[in-house]
Protein chains: 2
Amino acid sequence: MAQHLVTFHLDDPSLGAHAPLHPVHVPTGTLVTEAAHTAGVEITQPCGGQGRCGRCAVHISQGDVRRRSMLRLTSEDVAAGYTLACQSVVEGDVSVTVPPQEKIERRLATDRVVAEVEVPIGYDARSMQAIQRVSLELTPPSMDDQTDDWSRLVTALRQQTDIVDVDVSLPLLRRIGSILRDAEWNVSAVFESEIRNLKSKIRLLDLRSVEPPLYGLAIDIGTTTVSCWLVDLISGKVMAQTAEYNGQIARGEDVISRIIYATAGGRNGSSAEMQALVIETINSLIVAACEKAKVDPQDVFKATIAGNSTMIHLLLDIPASSIRLAPFVTAINHVPPLKAIDLGLKINPEAAIDCLPGVASYVGADITAGVLSSGMGDGEQLTLFMDVGTNGEIVLGNRDWLVTCACSAGPAFEGAGVVNGMRATRGAIEEVWINGETFEPSYRVIGNTKPRGICGSGLIALLSEMFLTGVLDKGGNLNSSLMIVEEDSPHFAVHEKLPGDGVSVRGKTRRVRQGEHGLEYVVAWAKETWHGKDIVITHVDVDNLLRAKAAIYAGYTVLAERVGVPLESVERFLIGGSFGKYINVEKAVQIGLLPDLPWEQFQFLGNTSVKGTYLALLNRNERARITEIASRMTYIELSADNLFYEAFTSALFLPHTDLDKFPSVAQALTKA
Amino acid sequence: MAQHLVTFHLDDPSLGAHAPLHPVHVPTGTLVTEAAHTAGVEITQPCGGQGRCGRCAVHISQGDVRRRSMLRLTSEDVAAGYTLACQSVVEGDVSVTVPPQEKIERRLATDRVVAEVEVPIGYDARSMQAIQRVSLELTPPSMDDQTDDWSRLVTALRQQTDIVDVDVSLPLLRRIGSILRDAEWNVSAVFESEIRNLKSKIRLLDLRSVEPPLYGLAIDIGTTTVSCWLVDLISGKVMAQTAEYNGQIARGEDVISRIIYATAGGRNGSSAEMQALVIETINSLIVAACEKAKVDPQDVFKATIAGNSTMIHLLLDIPASSIRLAPFVTAINHVPPLKAIDLGLKINPEAAIDCLPGVASYVGADITAGVLSSGMGDGEQLTLFMDVGTNGEIVLGNRDWLVTCACSAGPAFEGAGVVNGMRATRGAIEEVWINGETFEPSYRVIGNTKPRGICGSGLIALLSEMFLTGVLDKGGNLNSSLMIVEEDSPHFAVHEKLPGDGVSVRGKTRRVRQGEHGLEYVVAWAKETWHGKDIVITHVDVDNLLRAKAAIYAGYTVLAERVGVPLESVERFLIGGSFGKYINVEKAVQIGLLPDLPWEQFQFLGNTSVKGTYLALLNRNERARITEIASRMTYIELSADNLFYEAFTSALFLPHTDLDKFPSVAQALTKA
């Protein structure tokens with residue numbers, strides 16, 4: 001058999017990069033991973049060499065290899081010379097560069113919620129930002145000029161800027177005199193101007209002896225997760241990002257139970273308590289963000305807030321009961337401008353609070369902000385935008401028309417309502433592979449630490465892998481025949497010695513077991529985990545996840561049907577939501593969460609709500625566009641639609657009762 | 001001696017009016033009062049027949065009499081046939097009609113502060129009033145129309161009125177949903193529109209299921225007295241008037257000591273306490289006015305407030321310290337619009353609070369409001385307007401120019417800082433006459449009850465009478481030689497039997513005596529008074545009153561001098577202030593408080609501040625005119641003016657060091 005020379009290069013400065021390792025000779029047909037092993041290079045293979053995880057991608061810098069599968073690689077990757085080591089067969093002399101394995105870990109080691117945010121190109125605080133500052137030189141008063149302090153300030157503003165009319169609060173007015181005198185009549189005024197023309201009324205926010213930096217907050221109040229970005233309003237840069245579970249979560253997991261709690265009254269709950277809980281969460285996020293970026297909260301002059309309609313009502317303590325009851329109307333969609341002190345936010349008390357506008361009871365400001373950040377309202381392409389949080393909201397359309405609907409997904413994909421669920425933060429299992437023969441999982445953990453739980457993308461991967469390997473059946477039931485039972489006891493001792501590491505009974509696994517609440521699958525053994533307890537997914541968890549994915553699937557299919565647009569004609573399928581950025585399309589299609597469309601049509605946008613909020617915070621024009629988007633969106637009520645319930649029921653299977661709708665999954669099942 | 005027939009008619013329905021009494025025959029030279037006595041008619045003569053009080057005016061319906069003195073009667077009165085009975089000598093047959101004596105008492109029996117207020121002619125709430133209401137019919141929401149409550153309301157406002165933009169507070173927003181549903185979508189909206197054009201933004205104040213009446217308050221915060229008028233904004237009628245000492249009075253009698261207290265900090269005083277005190281006073285006035293008029297305070301939607309600059313600063317808890325210290329500037333003259341809830345006023349929390357604009361530290365909104373109500377800014381006549389409260393503010397000018405200054409008069413003329421001083425309310429001695437021979441006083445009491453103290457007009461009359469009868473000398477010293485001392489003891493017993501009623505020693509009186517704090521004059525003996533204690537005026541009281549009148553005199557003379565206008569060229573001399581309406585010009589000239597100008601040039605306007613405030617409350621245009629007046633007034637600072645101190649010192653005498661400035665007083669002294 002022909003021998004080939006394979007030379008490996010480690011592209012890792014810390015390991016003496018670029019220096020080629022001693023070349024190895026391998027016969028034709030050798031896998032690159034095997035050749036690497038021979039050369040003393042261990043390439044990570046979390047999926048066990050099945051070509052499914054993409055972690056073993058290497059670069060063929062010279063020569064070529066035969067590629068069995070290119071799953072996980074884009075056509076650009078392939079064109080650039082990348083291949084999957086576990087799926088590539090040596091058929092001639094090659095030079096292989098192994099990318100820094102550490103690099104992947106390093107990326108993950110930073111808190112996963114801190115995504116890089118690009119400042120919008122051409123951002124110009126002077127012309128776009130509603131929060132402005134100006135330095136003023138005032139003539140001190142004298143016996144010849146006894147003008148009052150306030151008029152003196154307003155006159156200076158008029159003379160030294162284009163401002164003609166100034167609004168000011170009583171508490172700030174009380175401080176003006178001493179600030180002017182402390183500053184010896186040279187002050188910096190911070191003000192808010194909703195439109196660019198300073199000839200209209202501005203609102204004075206603060207007066208300082210030293211020009212302050214200007215910060216703002218983009219806040220997204222999710223039913224489950226609240227996200228907060230601290231933004232430098234001058235440069236536009238995001239200085240810190242924090243996120244935390246919404247403090248209301250203990251009072252109900254979805255918006256309906258929150259409304260019930262807020263409306264109950266007395267010991268059974270109150271709207272004031274709900275408001276206090278979310279404000280507490282926001283304040284703790286603000287404090288954390290300000291500490292992280294070493295920012296004085298008094299220098300935070302604006303907060304732009306998005307959230308679904310219930311979250312906005314509860315934030316403002318506006319009765320939300322009409323949201324829950326037919327005909328499902330909100331008290332308000334376009335909230336008037338507020339101040340930090342109105343809500344007790346721990347920033348400058350005069351800071352402008354801008355709650356973005358919503359469309360309907362179940363399509364809130366998070367969606368209008370999301371549509372803005374997705375750009376779907378700008379182009380001609382028929383686009384389906386989906387925001388998967390505790391609720392699933394769907395928008396279909398383009399720059400000419402926009403229709404929207406909502407479906408109650410529940411918080412399962414946000415890690416809530418799942419025994420070992422958690423947010424996509426350090427310690428979360430975000431990707432899982434299961435070996436189809438041994439049923440042993442391997443997983444990737446955010447931050448490369450011991451796992452603490454499983455986040456949304458991990459749960460999707462887990463469902464998909466369990467389904468494809470037969471741990472779960474089409475109906476979402478755990479396969480009890482995989483359990484090791486009494487009669488397998490002769491082999492049992494092996495497990496006792498090596499818990500959780502291997503197979504002892506062919507076609508069976510100790511990982512499927514009877515738990516407290518029925519069957520469960522062990523993803524990580526106690527000894528591997530951060531908290532020293534097994535990480536499992538239970539029968540109930542699977543049920544919750546199936547209901548969530550079925551609601552979402554039913555939502556977008558019925559919406560498309562109602563407006564007479566076949567799903568196949570959708571040119572772009574945009575996915576937002578707290579886990580949106582990290583989920584694996586293939587696996588999401590395999591469980592029937594996403595439709596079986598060409599993968600390149602899917603685009604993951606992450607938390608589109610906070611991104612749109614950030615854009616609105618930075619730019620008055622973007623803010624105006626959100627209002628325009630909100631007014632353009634036509635809401636379609638699904639709750640009274642029988643078609644929706646039919647679609648939901650049919651989607652409570654993996655991937656769907658009708659496998660014809662998922663040809664690629666049918667094919668994968670055939671292979672598996 | 002010729003006998004004449006004198007017939008008396010009693011013009012009093014309660015006494016069987018118009019029926020002539022049996023005529024009497026009296027000799028030539030008989031006084032009408034004597035003839036009346038003969039006829040069995042007792043005509044009131046409080047001044048003891050000296051022709052000084054005017055209370056004995058009668059009407060000569062047939063024939064004629066010889067008039068010795070016509071003091072107290074205007075030329076119109078004389079032309080109409082009135083004469084003073086004590087100064088009229090019968091020289092032929094006459095018919096005399098005696099006006100109802102009771103009528104005077106009846107007028108006084110009502111609370112003196114409740115003056116009749118005329119609604120401005122042509123008042124039209126629809127076009128002039130900033131507070132408006134409108135009834136709206138809304139389409140209830142349905143599954144086909146899921147518009148949010150707030151948009152539904154705003155849309156109805158747009159469609160059923162000209163309103164295009166609506167501002168609303170968070171607390172009201174919280175109530176909208178339940179109000180709309182309780183009212184079954186037929187509501188009455190109350191809103192504020194600062195300008196007539198509804199195309200500009202309006203502010204929603206309340207939403208009701210039943211159209212509410214609209215009330216407003218005109219409030220004048222005097223340093224000493226706070227006045228409150230409750231006004232029906234639809235009809236313009238004043239429904240109730242209440243007045244009370246400013247609760248801050250215990251923390252200092254003048255603005256300077258109030259500022260010091262407010263600035264002290266800690267146990268020595270605080271601005272928050274000062275604010276709380278005046279708000280407490282205002283709230284008690286509001287409660288009393290609403291109870292009086294049976295008005296629900298929730299139906300009070302606006303309060304327009306005037307007061308001197310210190311009062312406005314303390315009301316708003318804006319630091320006032322710069323008012324007190326050179327260069328004497330206020331923190332703010334034009335206060336932005338506020339809401340009742342900002343100040344804790346016990347009316348509708350959304351009610352608009354409009355603090356009228358001031359001009360300078362010592363010329364506040366009370367003066368701009370006063371100038372408006374005086375009309376001095378409208379005509380060509382050179383007018384001097386003077387507001388005598390705790391401070392004396394003076395405005396000189398006409399429609400072309402207005403100059404103003406202030407002088408610290410102190411609260412003596414408001415009854416504070418005077419042992420038995422009181423406000424001009426029930427029980428206050430408001431007029432005094434002293435018999436030049438017996439030194440016995442007679443007095444008139446507001447409400448015709450036993451006296452409780454002496455109000456401003458009473459104090460002026462008292463000073464004047466004491467001066468003219470020699471009880472006081474030119475320097476303001478009580479004449480100790482009038483005292484009855486040891487050597488007069490033989491006659492003393494008489495007094496013991498008849499305390500306070502008569503003379504026992506010719507040219508001496510028991511009413512001048514040594515009190516606890518020096519010499520004093522007894523105006524009313526304990527047995528005559530409401531509280532059973534002597535009512536006196538002390539040496540210290542006189543001093544305080546002299547300083548007050550000297551400050552005021554110096555103020556207007558120096559102001560006129562500074563702008564080069566001789567006092568004599570002043571065509572109208574308008575006097576406002578809480579006592580302004582009731583003081584006696586002659587007596588005010590006699591003590592040198594007013595200049596010695598023809599009496600007809602003086603006009604007493606009462607509380608011009610609350611009147612101007614009332615006009616501004618009713619009419620947006622009048623409100624705009626106050627702002628225009630404020631901007632037109634040029635303030636002249638007297639505190640640094642040596643001329644002022646010279647003028648003040650010269651005026652610390654009765655009537656003045658230079659008697660040539662008071663020829664009519666010189667003449668009266670010659671007569672006396």
# chains A, B, ... in the order shown; residues from 1 in each chain; ligands from 1
>>> residues_around(residues="A:Ile60", least_positions_apart="6", cutoff="9 Å", atoms="only C-alpha atoms", output="PDB file with N, CA and C atoms, in the first residue's frame")
ATOM      1  N   ALA A  80     -11.320  27.595   1.335  1.00  0.00           N
ATOM      2  CA  ALA A  80     -10.104  28.121   1.963  1.00  0.00           C
ATOM      3  C   ALA A  80      -9.151  26.998   2.366  1.00  0.00           C
ATOM      4  N   GLY A  81      -9.580  25.747   2.203  1.00  0.00           N
ATOM      5  CA  GLY A  81      -8.674  24.631   2.467  1.00  0.00           C
ATOM      6  C   GLY A  81      -8.900  23.914   3.791  1.00  0.00           C
ATOM      7  N   TYR A  82     -10.025  24.255   4.446  1.00  0.00           N
ATOM      8  CA  TYR A  82     -10.291  23.569   5.720  1.00  0.00           C
ATOM      9  C   TYR A  82     -10.962  22.222   5.476  1.00  0.00           C
ATOM     10  N   THR A  83     -10.729  21.321   6.377  1.00  0.00           N
ATOM     11  CA  THR A  83     -11.396  20.024   6.301  1.00  0.00           C
ATOM     12  C   THR A  83     -11.570  19.489   7.715  1.00  0.00           C
ATOM     13  N   VAL A  94       0.714  15.381   2.184  1.00  0.00           N
ATOM     14  CA  VAL A  94       0.016  16.603   2.590  1.00  0.00           C
ATOM     15  C   VAL A  94       0.715  17.314   3.738  1.00  0.00           C
ATOM     16  N   SER A  95       0.466  18.611   3.773  1.00  0.00           N
ATOM     17  CA  SER A  95       0.889  19.418   4.912  1.00  0.00           C
ATOM     18  C   SER A  95      -0.382  19.882   5.623  1.00  0.00           C
ATOM     19  N   VAL A  96      -0.443  19.626   6.895  1.00  0.00           N
ATOM     20  CA  VAL A  96      -1.673  19.936   7.653  1.00  0.00           C
ATOM     21  C   VAL A  96      -1.350  20.936   8.758  1.00  0.00           C
ATOM     22  N   THR A  97      -2.084  22.050   8.757  1.00  0.00           N
ATOM     23  CA  THR A  97      -1.908  23.003   9.868  1.00  0.00           C
ATOM     24  C   THR A  97      -3.058  22.792  10.862  1.00  0.00           C
ATOM     25  N   VAL A  98      -2.681  22.550  12.094  1.00  0.00           N
ATOM     26  CA  VAL A  98      -3.687  22.336  13.144  1.00  0.00           C
ATOM     27  C   VAL A  98      -3.939  23.683  13.832  1.00  0.00           C
TER      28      VAL A  98
END
>>> closest_atom_pairs(of="chain B", to="chain A", cutoff="10 Å", atoms="only C-alpha atoms", output="Markdown table")
| residue | atom | partner | partner_atom | distance |
| --- | --- | --- | --- | --- |
| B:Pro140 | CA | A:Pro327 | CA | 9.9 |
| B:Pro141 | CA | A:Pro327 | CA | 6.7 |
| B:Ser142 | CA | A:Pro327 | CA | 5.2 |
| B:Met143 | CA | A:Pro327 | CA | 4.9 |
| B:Asp144 | CA | A:Pro327 | CA | 8.4 |
| B:Asp145 | CA | A:Pro327 | CA | 8.3 |
| B:Gln146 | CA | A:Val329 | CA | 5.3 |
| B:Thr147 | CA | A:Val329 | CA | 6.4 |
| B:Asp148 | CA | A:Thr330 | CA | 4.8 |
| B:Asp149 | CA | A:Ala331 | CA | 4.7 |
| B:Trp150 | CA | A:Ile332 | CA | 5.2 |
| B:Ser151 | CA | A:Ile332 | CA | 7.0 |
| B:Arg152 | CA | A:Ile332 | CA | 9.3 |
| B:Val166 | CA | A:Pro336 | CA | 9.3 |
| B:Asp167 | CA | A:Pro336 | CA | 7.3 |
| B:Val168 | CA | A:Pro336 | CA | 7.3 |
| B:Ser169 | CA | A:Pro336 | CA | 8.1 |
| B:Leu170 | CA | A:Leu316 | CA | 7.6 |
| B:Pro171 | CA | A:Ile318 | CA | 8.5 |
| B:Leu172 | CA | A:Ile318 | CA | 9.6 |
| B:Leu173 | CA | A:Ile318 | CA | 7.1 |
| B:Arg174 | CA | A:Ile318 | CA | 4.6 |
| B:Arg175 | CA | A:Ile318 | CA | 7.8 |
| B:Ile176 | CA | A:Ala331 | CA | 7.6 |
| B:Gly177 | CA | A:Ala331 | CA | 5.9 |
| B:Ser178 | CA | A:Pro319 | CA | 8.5 |
| B:His313 | CA | A:Arg174 | CA | 9.1 |
| B:Leu316 | CA | A:Leu170 | CA | 7.6 |
| B:Asp317 | CA | A:Arg174 | CA | 7.0 |
| B:Ile318 | CA | A:Arg174 | CA | 4.5 |
| B:Pro319 | CA | A:Arg174 | CA | 6.3 |
| B:Ala320 | CA | A:Gly177 | CA | 9.2 |
| B:Ser321 | CA | A:Gly177 | CA | 9.4 |
| B:Ser322 | CA | A:Gly177 | CA | 8.2 |
| B:Ile323 | CA | A:Asp148 | CA | 9.5 |
| B:Ala326 | CA | A:Met143 | CA | 7.3 |
| B:Pro327 | CA | A:Met143 | CA | 4.9 |
| B:Phe328 | CA | A:Gln146 | CA | 6.7 |
| B:Val329 | CA | A:Gln146 | CA | 5.3 |
| B:Thr330 | CA | A:Asp148 | CA | 4.8 |
| B:Ala331 | CA | A:Asp149 | CA | 4.7 |
| B:Ile332 | CA | A:Trp150 | CA | 5.2 |
| B:Asn333 | CA | A:Asp148 | CA | 6.3 |
| B:His334 | CA | A:Ser151 | CA | 7.9 |
| B:Val335 | CA | A:Leu170 | CA | 8.9 |
| B:Pro336 | CA | A:Val168 | CA | 7.2 |
| B:Pro337 | CA | A:Asp167 | CA | 9.2 |
| B:Leu338 | CA | A:Leu170 | CA | 8.0 |
| B:Asp342 | CA | A:Leu170 | CA | 8.1 |
| B:Leu343 | CA | A:Leu170 | CA | 9.8 |
| B:Gly358 | CA | A:Asp148 | CA | 9.9 |
| B:Val359 | CA | A:Thr147 | CA | 8.7 |
| B:Ala360 | CA | A:Gln146 | CA | 7.3 |
| B:Ser361 | CA | A:Asp148 | CA | 8.3 |
| B:Tyr635 | CA | A:Gln146 | CA | 8.9 |
| B:Ile636 | CA | A:Asp144 | CA | 9.6 |
| B:Glu637 | CA | A:Met143 | CA | 7.9 |
| B:Ala640 | CA | A:Met143 | CA | 8.9 |
>>> residues_around(residues="B:Val190", least_positions_apart="2", cutoff="6 Å", atoms="only C-alpha atoms", output="list in words")
Gln132, Arg133, Leu205 and Asp206 of chain B
>>> atom_distance(atom1="atom CA of B:Ser200", atom2="atom CA of B:Ile163")
7.5 Å
>>> select_by_dssp(residues="stretch 86-256 of chain B", states="strand (DSSP E or B)", output="VMD selection string")
chain B and resid 88 to 90 94 to 98 131 to 137 142 145 166 to 167 186 to 192 202 to 208 215 to 221 225 to 232 238 to 245
>>> residues_around(residues="stretch 426-432 of chain A", least_positions_apart="2", cutoff="6 Å", atoms="only C-alpha atoms", output="list in words")
Asp111, Ala424, Ser442, Tyr443, Arg444, Val445, Ile446, Gly447, Thr449, Pro451, Arg452, Gly453, Ile454, Cys455, Ser457, Gly458, Ala461 and Leu462 of chain A
>>> residues_around(residues="stretch 415-421 of chain A", least_positions_apart="3", cutoff="7 Å", atoms="only C-alpha atoms", output="list in words")
Pro411, Ala412, Gly453, Ile454, Cys455, Gly456, Ile535, Val536, Ile537 and Asp541 of chain A
>>> residues_around(residues="A:Arg68", least_positions_apart="4", cutoff="8 Å", atoms="only C-alpha atoms", output="list in words")
Gln87, Ser88 and Val89 of chain A
>>> write_last_selection(atoms="N, CA, C and O atoms", output="PDB file, in the first residue's frame")
ATOM      1  N   GLN A  87     -12.896  13.188   9.150  1.00  0.00           N
ATOM      2  CA  GLN A  87     -13.625  12.789   7.951  1.00  0.00           C
ATOM      3  C   GLN A  87     -12.727  12.875   6.705  1.00  0.00           C
ATOM      4  O   GLN A  87     -13.222  12.777   5.588  1.00  0.00           O
ATOM      5  N   SER A  88     -11.400  13.074   6.911  1.00  0.00           N
ATOM      6  CA  SER A  88     -10.511  13.275   5.773  1.00  0.00           C
ATOM      7  C   SER A  88      -9.497  12.131   5.669  1.00  0.00           C
ATOM      8  O   SER A  88      -8.844  11.766   6.664  1.00  0.00           O
ATOM      9  N   VAL A  89      -9.375  11.597   4.492  1.00  0.00           N
ATOM     10  CA  VAL A  89      -8.538  10.420   4.260  1.00  0.00           C
ATOM     11  C   VAL A  89      -7.307  10.846   3.458  1.00  0.00           C
ATOM     12  O   VAL A  89      -7.416  11.563   2.459  1.00  0.00           O
TER      13      VAL A  89
END
>>> atom_distance(atom1="atom CA of B:Gly389", atom2="atom CA of B:Thr225")
8.7 Å
>>> closest_residue(among="A:Pro297, A:Lys450, A:Ser271, A:Lys201", to="A:Lys533", atoms="only C-alpha atoms")
A:Lys450
>>> atom_distance(atom1="atom CA of A:Ile347", atom2="atom CA of A:Met422")
29.1 Å
>>> select_by_dssp(residues="stretch 351-393 of chain A", states="alpha helix (DSSP H)", output="list in words")
Ala365, Asp366, Ile367, Thr368, Ala369, Gly370, Val371, Leu372, Ser373 and Ser374 of chain A
